[in-house]
Amino acid sequence: MKTVLKAITIFICVIVLIPVLFYATISIVNNCIANNIEQQLIALELPENTELSDSISIAAKIFGNGNGMQYFGAILVTSDLSEDELKEYYTQFDEKYFIEKKEDNFVINEQYDYVFTNFDNESQSNYMIWCIKYNSEKLAETGNFLYEVLDLDIRGK
């Protein structure tokens with residue numbers, strides 16, 4: 001009787017743990033994809049008179065409506081260059097990078113809790129360079145099953 005009760009307890013624990021581990025693994029994989037974008041931005045060669053101040057990565061539904069994960073990476077740089085000069089510099093890279101002058105430390109807007117921790121309020125030359133490298137909704141249309149699974153992350157809803 002004790003072995004049957006023990007087997008039932010183990011079976012129930014396994015049944016409960018499998019979905020929890022499944023969803024935890026999805027979140028970890030999505031965070032790794034977003035972190036990869038951040039690391040790629042950090043690895044970019046900076047123009048002269050420009051220094052890296054901070055970086056961030058986000059895996060969530062950031063822009064638009066509907067379901068689907070988006071992976072966002074951004075770096076904050078301080079530069080003597082103008083916004084147009086920075087845009088011109090980053091056009092040499094294959095990816096689509098966006099340059100935005102920052103007047104506050106919010107990465108996206110006040111609605112989200114994502115902030116740059118090393119933001120200098122006194123500086124007049126803080127620029128955010130960001131990239132949405134993957135949008136899983138678009139990749140799922142290609143039939144890639146992995147991205148359909150990664151969309152099960154609750155942050156993509």
# chains A, B, ... in the order shown; residues from 1 in each chain; ligands from 1
>>> select_by_dssp(residues="region 55-110 of chain A", states="strand (DSSP E or B)", output="MDAnalysis selection string")
chainID A and resid 55:60 70:79 98:101 106
>>> write_last_selection(atoms="N, CA and C atoms", output="compact mmCIF listing (two decimals), in the first residue's frame")
# COMPACT_ATOMS: atom_id res chain seq x y z
N SER A 55 23.27 49.08 -21.56
CA SER A 55 22.62 48.20 -22.53
C SER A 55 21.47 47.47 -21.85
N ILE A 56 20.54 46.99 -22.67
CA ILE A 56 19.38 46.27 -22.13
C ILE A 56 18.83 45.33 -23.20
N SER A 57 18.20 44.27 -22.75
CA SER A 57 17.49 43.37 -23.66
C SER A 57 16.12 43.07 -23.07
N ILE A 58 15.15 42.89 -23.96
CA ILE A 58 13.77 42.67 -23.53
C ILE A 58 13.15 41.60 -24.42
N ALA A 59 12.49 40.64 -23.80
CA ALA A 59 11.68 39.65 -24.53
C ALA A 59 10.25 39.83 -24.04
N ALA A 60 9.38 40.31 -24.90
CA ALA A 60 7.99 40.58 -24.52
C ALA A 60 7.21 40.98 -25.76
N GLN A 70 8.41 39.43 -29.16
CA GLN A 70 9.33 40.31 -29.86
C GLN A 70 10.58 40.40 -29.00
N TYR A 71 11.72 40.46 -29.67
CA TYR A 71 13.00 40.48 -28.98
C TYR A 71 13.68 41.80 -29.29
N PHE A 72 14.01 42.52 -28.25
CA PHE A 72 14.46 43.89 -28.37
C PHE A 72 15.80 44.02 -27.67
N GLY A 73 16.74 44.64 -28.32
CA GLY A 73 18.02 44.96 -27.70
C GLY A 73 18.32 46.43 -27.92
N ALA A 74 18.96 47.05 -26.93
CA ALA A 74 19.29 48.48 -27.07
C ALA A 74 20.58 48.77 -26.31
N ILE A 75 21.33 49.71 -26.84
CA ILE A 75 22.48 50.24 -26.12
C ILE A 75 22.30 51.75 -25.99
N LEU A 76 22.80 52.27 -24.92
CA LEU A 76 22.79 53.71 -24.69
C LEU A 76 24.21 54.20 -24.86
N VAL A 77 24.39 55.16 -25.75
CA VAL A 77 25.72 55.70 -25.99
C VAL A 77 25.72 57.19 -25.73
N THR A 78 26.87 57.68 -25.35
CA THR A 78 27.10 59.11 -25.22
C THR A 78 28.05 59.49 -26.33
N SER A 79 27.66 60.48 -27.12
CA SER A 79 28.45 60.79 -28.30
C SER A 79 28.49 62.28 -28.56
N PHE A 98 18.02 51.58 -35.18
CA PHE A 98 17.31 52.83 -35.00
C PHE A 98 18.03 53.66 -33.96
N ILE A 99 18.18 54.94 -34.23
CA ILE A 99 18.87 55.84 -33.31
C ILE A 99 17.84 56.84 -32.80
N GLU A 100 17.86 57.04 -31.50
CA GLU A 100 16.88 57.92 -30.88
C GLU A 100 17.57 58.74 -29.79
N LYS A 101 17.37 60.03 -29.81
CA LYS A 101 17.91 60.90 -28.76
C LYS A 101 17.10 60.67 -27.50
N PHE A 106 13.85 56.02 -19.66
CA PHE A 106 12.96 54.95 -20.08
C PHE A 106 13.40 54.39 -21.42
>>> residues_around(residues="Asp120 (chain A)", least_positions_apart="2", cutoff="12 Å", atoms="only C-alpha atoms", output="PDB file with C-alpha atoms, in the first residue's frame")
ATOM      1  CA  SER A  53      26.930  53.878 -21.300  1.00  0.00           C
ATOM      2  CA  ASP A  54      24.429  51.068 -20.817  1.00  0.00           C
ATOM      3  CA  LEU A  76      22.789  53.710 -24.694  1.00  0.00           C
ATOM      4  CA  VAL A  77      25.720  55.697 -25.995  1.00  0.00           C
ATOM      5  CA  THR A  78      27.098  59.115 -25.218  1.00  0.00           C
ATOM      6  CA  LYS A 102      17.088  60.174 -25.117  1.00  0.00           C
ATOM      7  CA  GLU A 103      15.857  62.783 -22.690  1.00  0.00           C
ATOM      8  CA  ASP A 104      14.833  60.315 -19.996  1.00  0.00           C
ATOM      9  CA  ASN A 105      16.014  56.898 -18.873  1.00  0.00           C
ATOM     10  CA  PHE A 106      12.957  54.952 -20.077  1.00  0.00           C
ATOM     11  CA  PHE A 116      18.679  52.448 -18.379  1.00  0.00           C
ATOM     12  CA  THR A 117      20.418  52.402 -15.011  1.00  0.00           C
ATOM     13  CA  ASN A 118      23.445  54.413 -16.163  1.00  0.00           C
ATOM     14  CA  GLU A 122      22.881  66.099 -17.242  1.00  0.00           C
ATOM     15  CA  SER A 123      24.187  64.960 -20.614  1.00  0.00           C
ATOM     16  CA  GLN A 124      22.804  66.395 -23.823  1.00  0.00           C
ATOM     17  CA  SER A 125      24.313  63.592 -25.886  1.00  0.00           C
ATOM     18  CA  ASN A 126      22.571  60.388 -24.790  1.00  0.00           C
ATOM     19  CA  TYR A 127      21.438  58.294 -27.736  1.00  0.00           C
TER      20      TYR A 127
END
>>> atom_distance(atom1="CA of Tyr23 (chain A)", atom2="CA of Asn36 (chain A)")
20.1 Å
>>> select_by_dssp(residues="chain A", states="alpha helix (DSSP H)", output="ChimeraX atom specification")
/A:2-43,83-90,136-140,145-150
>>> write_last_selection(atoms="C-alpha atoms", output="mmCIF file, in the first residue's frame")
data_model
loop_
_atom_site.group_PDB
_atom_site.id
_atom_site.type_symbol
_atom_site.label_atom_id
_atom_site.label_comp_id
_atom_site.auth_asym_id
_atom_site.auth_seq_id
_atom_site.Cartn_x
_atom_site.Cartn_y
_atom_site.Cartn_z
ATOM 1 C CA LYS A 2 2.871 2.378 0.840
ATOM 2 C CA THR A 3 4.554 1.763 -2.496
ATOM 3 C CA VAL A 4 1.317 2.451 -4.389
ATOM 4 C CA LEU A 5 0.820 5.698 -2.461
ATOM 5 C CA LYS A 6 4.451 6.639 -3.113
ATOM 6 C CA ALA A 7 4.073 5.886 -6.844
ATOM 7 C CA ILE A 8 0.887 7.992 -7.047
ATOM 8 C CA THR A 9 2.626 10.887 -5.266
ATOM 9 C CA ILE A 10 5.587 10.716 -7.650
ATOM 10 C CA PHE A 11 3.236 10.530 -10.645
ATOM 11 C CA ILE A 12 1.285 13.619 -9.492
ATOM 12 C CA CYS A 13 4.526 15.534 -8.855
ATOM 13 C CA VAL A 14 5.782 14.686 -12.341
ATOM 14 C CA ILE A 15 2.450 15.683 -13.921
ATOM 15 C CA VAL A 16 2.625 19.071 -12.146
ATOM 16 C CA LEU A 17 6.347 19.660 -12.772
ATOM 17 C CA ILE A 18 6.369 19.003 -16.533
ATOM 18 C CA PRO A 19 4.204 22.036 -17.497
ATOM 19 C CA VAL A 20 6.014 24.276 -15.007
ATOM 20 C CA LEU A 21 9.419 23.285 -16.394
ATOM 21 C CA PHE A 22 8.115 23.612 -19.958
ATOM 22 C CA TYR A 23 6.976 27.217 -19.466
ATOM 23 C CA ALA A 24 10.080 28.119 -17.457
ATOM 24 C CA THR A 25 12.270 26.779 -20.262
ATOM 25 C CA ILE A 26 10.368 28.846 -22.849
ATOM 26 C CA SER A 27 10.991 32.027 -20.823
ATOM 27 C CA ILE A 28 14.677 31.219 -20.455
ATOM 28 C CA VAL A 29 15.070 30.590 -24.202
ATOM 29 C CA ASN A 30 13.277 33.857 -25.046
ATOM 30 C CA ASN A 31 15.515 35.768 -22.614
ATOM 31 C CA CYS A 32 18.579 34.207 -24.271
ATOM 32 C CA ILE A 33 17.417 35.299 -27.727
ATOM 33 C CA ALA A 34 16.901 38.874 -26.492
ATOM 34 C CA ASN A 35 20.251 38.820 -24.661
ATOM 35 C CA ASN A 36 21.917 37.714 -27.903
ATOM 36 C CA ILE A 37 20.588 40.840 -29.644
ATOM 37 C CA GLU A 38 21.946 42.998 -26.822
ATOM 38 C CA GLN A 39 25.357 41.329 -27.093
ATOM 39 C CA GLN A 40 25.405 41.867 -30.866
ATOM 40 C CA LEU A 41 24.721 45.570 -30.332
ATOM 41 C CA ILE A 42 27.478 45.782 -27.712
ATOM 42 C CA ALA A 43 29.886 44.070 -30.110
ATOM 43 C CA GLU A 83 21.719 62.074 -34.380
ATOM 44 C CA ASP A 84 22.037 62.289 -38.183
ATOM 45 C CA GLU A 85 25.758 61.459 -38.041
ATOM 46 C CA LEU A 86 25.027 58.409 -35.877
ATOM 47 C CA LYS A 87 22.279 57.295 -38.270
ATOM 48 C CA GLU A 88 24.701 57.623 -41.174
ATOM 49 C CA TYR A 89 27.350 55.598 -39.320
ATOM 50 C CA TYR A 90 24.978 52.724 -38.499
ATOM 51 C CA SER A 136 8.220 35.537 -33.840
ATOM 52 C CA GLU A 137 4.833 36.188 -35.486
ATOM 53 C CA LYS A 138 6.562 36.754 -38.817
ATOM 54 C CA LEU A 139 8.889 33.795 -38.345
ATOM 55 C CA ALA A 140 5.988 31.520 -37.411
ATOM 56 C CA PHE A 145 7.585 25.274 -35.210
ATOM 57 C CA LEU A 146 10.131 26.510 -32.656
ATOM 58 C CA TYR A 147 8.779 30.065 -32.826
ATOM 59 C CA GLU A 148 5.223 28.858 -32.382
ATOM 60 C CA VAL A 149 6.333 27.147 -29.175
ATOM 61 C CA LEU A 150 8.269 30.229 -28.017
#
>>> closest_residue(among="A:Ile129, A:Met1, A:Asp151, A:Gly64", to="Thr91 (chain A)", atoms="only C-alpha atoms")
A:Ile129
>>> closest_residue(among="A:Ile108, A:Cys131, A:Leu152, A:Leu81", to="Pro47 (chain A)", atoms="only C-alpha atoms")
A:Leu81
>>> atom_distance(atom1="CA of Glu95 (chain A)", atom2="CA of Asp113 (chain A)")
26.4 Å
>>> atom_distance(atom1="CA of Asp94 (chain A)", atom2="CA of Asp153 (chain A)")
29.0 Å
